[in-house]
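Here is the structure we will look at, set down as structure tokens.
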Amino acid sequence: MKKPLLILLLGFIMAAGSFAQSSYYFPGESFDSSIPSPEEFLGYPIGEWHTRYDLIVRYYEKLAEVSDLAELKTIGYTHEHRPKIILTIASSAHLGNLEEIRLAQLQLADPSQPKPDVSAMPSIMHLGYGVHGNEPSSAEAAMLSAYWLLASQSELAQNLRKNAVVHFDPTVNPDGRDRHSLWANSNKGFPPVADPLDREHNEAWPGGRTNHYWFDLNRDWLPLAHPESQVKIAWYHDWYPNVTTDFHEMGTDGTYFFEPTKPYGSENPVVPRKNYDDINVRFAKYFAEYLDEIGSLYWTKEVFDNSYPGYGSTYPDIQGGLGLVFEQASSRGHLQSSQRGDISFAFTIRNHVRSSIATMEAGLDNREYMHDYLREFFQTAVSEGAKDPAKNYVFGDQFDPSRNSLFVKFLMDHKIKVYENNADLSVGGYDFKAGKSWIVPTSQPQYRMVRTMFEDVKEFADSVFYDASAWTMARAYGMPFASNASDKTGDLLTEVPTQTYDFPTGKAYAYLIDWSDYYAPKMLFDLQEAGVHVEVINRPFTSKTQDGETKFSAGTLIIPSGFQKLETAELKDVLDKLAKKNKQKIYATTSGMNLEGIDLGSNLVGAVTIPKVIMVVGDGVSSYEAGEIWYLLDGQVGMPISKVNSDDMGRVNLFDYTTLILPSGNYNSFSENFQNHLKDWISRGGTVISMKSASLWLNEKEIIKEELVETEVAPEPESLPYAVQRDFEGAKSVGGSIYMAALDLTHPIAYGYQRETLPVYRNSSIFFKPSKDKYLTPIRYTENPLLGGYISDSNLEKLGQSASVIISPVGRGRVINFFDNPNFRGAWFGTNKLFLNAIFFGAIMD
């Protein structure tokens with residue numbers, strides 16, 4: 001035991017650059033001198049600096065240039081236009097036959113096709129690194145691991161090159177990687193400073209963990225909100241790797257974690273037990289052996305949630321492969337003190353290199369076994385799906401073609417087979433119209449993903465969740481759906497359905513736009529940017545249009561021809577172009593007198609103000625929530641938003657803006673002068689959109705005057721074992737679950753919605769009572785609201801007495817309080833419009 005411990009301590013205190021790279025990372029190995037090492041290429045030892053992403057790309061390019069065993073492919077680009085690359089290493093024979101190998105792997109994953117001879121098939125491995133930008137050791141390990149596989153003369157490396165195809169993704173999140181690298185390198189001391197309080201170890205908000213829009217990409221393998229994930233999943237389904245890695249870092253005082261994760265409590269319910277009980281155990285022996293050799297401490301079978309299907313280590317488990325998460329104690333810089341001594345950047349890198357090589361060896365040794373499992377996985381998916389009493393799921397929203405298209409595309413991106421529905425159906429309390437609804441059979445290879453999309457899960461082996469406890473994506477899209485025992489389907493979709501409309505001809509008194517479509521807000525903003533005067537009709541009505549007698553709901557937009565600065569021909573041209581761009585239908589009417597309801601010149605019709613929005617960001621503010629809002633307005637509306645740091649708000653004149661957004665956060669840093677300015681601005685007509693804890697702050701400062709839910713607290717045991725503390729206390733939180741809410745369809749917050757109920761996502765334990773004003777709680781929870789996910793009995797009781805959205809009048813202005821998250825992870829298309837309504841129609845909500 002003494003020798004490994006000594007090696008461990010030496011690794012902690014060894015300064016990067018004070019050792020030979022090969023002897024530290026690859027002791028006793030010889031390498032092909034024609035292949036440059038990372039140190040030779042970069043000019044510094046790995047571990048001495050945080051390597052910029054462009055240099056990582058250039059090194060991989062160099063490997064592909066000097067060796068006929070390496071091939072580099074760009075599969076896409078990030079938001080900041082950094083290339084997303086895959087380096088493939090294999091024998092020259094395999095690289096020359098790469099397309100045939102890929103097609104054979106796809107055939108293996110298709111149970112309707114004959115099973116290939118797996119004894120002749122190479123192992124397909126995907127080593128992914130760096131999904132969190134400020135967990136930097138893995139991207140450095142990616143360079144060293146690729147170098148080892150390409151240049152090592154060891155028998156293992158030669159066997160891998162001969163019998164495997166290994167794909168390297170050096171950095172899943174290049175934008176966050178460079179943000180963190182700049183910080184760490186800019187604040188590096190000479191010599192390095194190990195003090196955890198040093199600036200190097202404490203990034204400025206929002207830190208490098210997330211991507212350009214402050215999203216955690218390790219949650220995006222399911223939602224596919226961002227280009228980094230979209231191209232990754234498209235590539236993944238081109239290959240179906242047998243093994244996929246996901247390298248991370250954790251707190252500095254930790255050691256090293258590898259799978260298995262916590263049995264049952266952290267496992268996904270659709271993944272076969274064989275994955276957890278057999279395959280994980282097989283691979284774990286290799287990781288233990290490789291870390292034992294260098295004396296690194298490690299642990300398994302505790303926490304680290306593996307249930308959420310959007311993780312990079314869980315998604316592969318639902319695709320017939322093995323996803324593996326690794327967690328390394330972080331130096332969060334170049335050197336940092338820990339409970340076991342100073343931990344160096346190089347030490348953290350070496351552990352991930354060891355696990356990378358161990359993964360490749362395990363994948364090679366289990367090559368045929370993993371190929372057999374891939375076929376078995378999809379075969380059992382089809383057979384289990386055939387026994388599912390649901391048979392089919394039918395879905396579709398007859399009022400929102402754009403959201404239908406988004407959901408169909410989403411399913412198809414995950415390789416779920418979707419069929420046309422050719423008959424009107426009434427199932428599960430919903431009416432599904434032929435041509436406006438679709439069918440997903442359960443008997444298909446992606447049956448387990450079908451369950452992920454449509455199943456509500458309420459029963460769990462554990463009550464503590466590292467992340468979301470519910471992820472039913474049909475709920476996220478606000479999509480009406482129901483199980484349907486009929487086996488009848490139409491044709492299989494091969495492309496996403498889109499809607500096209502003809503622009504109305506002839507003279508028009510006014511043009512009308514239904515607000516029901518998902519992209520109606522984008523259309524509105526584009527019209528306002530083009531100089532078109534737009535008003536909103538605040539009551540339902542029936543008008544005669546080019547389609548004859550047409551019913552419209554409250555929230556319909558009107559473009560009166562007689563109140564435009566644009567000439568008639570120019571107005572028609574603008575409307576036609578923007579309607580085609582946003583896939584919106586324009587209705588024309590020749591009279592302001594409606595057939596039913598209010599007329600077009602009613603006092604209940606008013607101009608829509610062009611929004612000018614400011615959002616507080618920075619210290620104390622939830623970067624995730626702020627990023628979700630920023631991404632929604634940028635990506636789905638195309639609306640600029642001013643993001644102002646919390647410590648700069650004292651310089652802001654709020655009267656230059658229509659709307660202030662306060663994401664969840666701590667706003668105690670706001671000065672008394674700014675608080676007074678805020679109160680004055682709201683009382684003179686300003687609109688605040690406040691999220692969860694921000695509403696708590698507004699209430700504490702008496703800017704709003706709402707009441708929190710107070711329930712009788714059940715007595716707790718006077719004494720409990722220390723070991724159960726985490727589970728007992730953690731069960732009190734609402735980590736992320738889905739509820740059914742009731743909408744007041746007459747309220748502007750609900751404009752565009754046609755049904756009185758809507759699934760909402762809650763990930764907080766903040767409970768406010770409904771407003772004392774009976775008209776100002778437009779969204780409440782239904783009587784039995786839980787649709788999916790975990791919530792304690794006491795919190796469920798509080799929820800029953802709570803509001804989802806409250807409008808708080810303040811003078812002539814108002815605060816719109818959201819206690820759920822309508823924009824969660826860029827995936828909640830079903831509730832986005834609630835938030836956009838608050839922006840566009842906030843001025844008429846009190």
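By convention here, the chains of the structure tokens are called A, B, ... in the order presented, each chain's residues are numbered starting at 1, and ligands are numbered starting at 1 in the order presented.
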
Practice prompt. Please provide as a list in words all residues within 12 Å of Leu103 of chain A, with the sequence filter that same-chain residues fewer than 2 positions apart are discarded (counting only C-alpha atoms).
Written response: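 Answer for this query is Asn97, Leu98, Glu99, Glu100, Ile101, Gln105, Leu106, Gln107, Leu108, Ala109, Asp110, Gln113, Pro116, Met121, His237, Asp238, Trp239 and Tyr240 of chain A.
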
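The environment of Ser443 of chain A within 7 Å, counting only C-alpha atoms and disregarding residues fewer than 2 places along the same chain, consists of A:Val382, A:Ser383, A:Gly385, A:Ala386, A:Pro441, A:Tyr447.
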
Item to complete: For segment 201-204 of chain A, work out the shell of residues within 6 Å, counting only C-alpha atoms and skipping chain neighbours fewer than 4 positions away, then give it as a list of chain:residue names.
Response: A:Pro196, A:Arg332, A:Gly333

Worksheet item: So how many Å separate atom CA of His747 of chain A and atom CA of Pro778 of chain A, to one decimal?
Response: 6.4 Å

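Here atom CA of Ala120 of chain A stands at a distance of 10.0 Å from atom CA of Arg367 of chain A.
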
Worksheet item: From the list A:Ser338, A:Thr746, A:Thr659, A:Asn673, which residue is nearest Ile537 of chain A when using only C-alpha atoms?
Response: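 Closest candidate: A:Thr746.
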
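You can rank A:Ser737, A:Thr782, A:Tyr518, A:Thr498 by their closest distance to Leu834 of chain A using only C-alpha atoms, and at the top of that list sits A:Tyr518.
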
Practice prompt. Identify, on the basis of only C-alpha atoms, every residue whose closest approach to Leu493 of chain A does not exceed 9 Å; exclude the query and any residue fewer than 6 positions from it along the same chain; express the result as a ChimeraX atom specification.
Written response: /A:412,417-420

Write a file of the just-selected residues containing N, CA, C and O atoms, as a PDB file, in the first residue's frame.
```
ATOM      1  N   MET A 412     -38.013  12.833 -35.280  1.00  0.00           N
ATOM      2  CA  MET A 412     -37.247  12.258 -36.385  1.00  0.00           C
ATOM      3  C   MET A 412     -35.744  12.427 -36.170  1.00  0.00           C
ATOM      4  O   MET A 412     -34.956  11.556 -36.576  1.00  0.00           O
ATOM      5  N   LYS A 417     -39.707   6.619 -35.610  1.00  0.00           N
ATOM      6  CA  LYS A 417     -40.543   6.529 -36.803  1.00  0.00           C
ATOM      7  C   LYS A 417     -41.899   7.165 -36.534  1.00  0.00           C
ATOM      8  O   LYS A 417     -42.582   6.817 -35.573  1.00  0.00           O
ATOM      9  N   VAL A 418     -42.267   8.099 -37.401  1.00  0.00           N
ATOM     10  CA  VAL A 418     -43.525   8.844 -37.276  1.00  0.00           C
ATOM     11  C   VAL A 418     -44.335   8.614 -38.551  1.00  0.00           C
ATOM     12  O   VAL A 418     -43.789   8.668 -39.659  1.00  0.00           O
ATOM     13  N   TYR A 419     -45.648   8.378 -38.374  1.00  0.00           N
ATOM     14  CA  TYR A 419     -46.524   8.077 -39.504  1.00  0.00           C
ATOM     15  C   TYR A 419     -47.643   9.111 -39.587  1.00  0.00           C
ATOM     16  O   TYR A 419     -48.043   9.715 -38.580  1.00  0.00           O
ATOM     17  N   GLU A 420     -48.142   9.287 -40.779  1.00  0.00           N
ATOM     18  CA  GLU A 420     -49.295  10.163 -40.973  1.00  0.00           C
ATOM     19  C   GLU A 420     -50.536   9.548 -40.324  1.00  0.00           C
ATOM     20  O   GLU A 420     -50.662   8.325 -40.243  1.00  0.00           O
TER      21      GLU A 420
END
```

Item to complete: Give me the residues within 8 Å of segment 169-174 of chain A as a list of chain:residue names, counting only C-alpha atoms and dropping any in the same chain fewer than 4 places off.
Response: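 So, after excluding close chain neighbours, the residues are A:Tyr53, A:Ile56, A:Thr78, A:Arg82, A:Lys84, A:Ile85, A:Ile86, A:Leu87, A:His126, A:Leu127, A:Gly128, A:Tyr129, A:Gly130, A:Val131, A:His132, A:Gly133, A:Ser138, A:Ala139, A:Ala142, A:Met143, A:Asp178, A:Thr210, A:Asn211, A:Leu217, A:Glu228.
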
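In this model, the gap between atom CA of Leu324 of chain A and atom CA of Asp305 of chain A comes to 11.9 Å.
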
Item to complete: May I have the residues within 12 Å of Glu710 of chain A as a VMD selection string, using only C-alpha atoms and disregarding those fewer than 6 positions away in the same chain?
Response: chain A and resid 766 to 769 794 to 795 797 to 802

Export of the given selection (C-alpha atoms) as a PDB file, in the first residue's frame:
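Writing done, so here's out21.pdb:
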```pdb
ATOM      1  CA  ILE A 766     -41.225  28.687  -3.881  1.00  0.00           C
ATOM      2  CA  PHE A 767     -44.984  28.717  -3.311  1.00  0.00           C
ATOM      3  CA  PHE A 768     -47.079  31.893  -3.553  1.00  0.00           C
ATOM      4  CA  LYS A 769     -50.792  32.033  -2.863  1.00  0.00           C
ATOM      5  CA  SER A 794     -45.840  18.192   1.847  1.00  0.00           C
ATOM      6  CA  ASN A 795     -44.736  20.110  -1.248  1.00  0.00           C
ATOM      7  CA  GLU A 797     -49.971  20.019  -0.565  1.00  0.00           C
ATOM      8  CA  LYS A 798     -48.369  23.452  -0.878  1.00  0.00           C
ATOM      9  CA  LEU A 799     -48.626  23.304  -4.641  1.00  0.00           C
ATOM     10  CA  GLY A 800     -52.366  22.754  -4.378  1.00  0.00           C
ATOM     11  CA  GLN A 801     -52.665  26.113  -2.624  1.00  0.00           C
ATOM     12  CA  SER A 802     -50.302  27.929  -5.011  1.00  0.00           C
TER      13      SER A 802
END
```

Practice prompt. Could you give me, as a PyMOL selection string, the residues within 12 Å of Ser229 of chain A, counting only C-alpha atoms and dropping anything in the same chain fewer than 2 positions from it?
Written response: chain A and resi 75-79+84+131+171-174+211+215-227+231-236+310-312+315+413-414

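For the residues A:Val57, A:Leu492, A:Leu335, A:Ala474, ranking by smallest atom-to-atom distance to Pro191 of chain A using only C-alpha atoms places A:Leu335 first.
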
Worksheet item: Could you write out, as a ChimeraX atom specification, all the residues of segment 158-279 of chain A that DSSP marks as helix (DSSP H, G or I)?
Response: /A:158-163,174-186,199-201,217-219,227-239,273-279
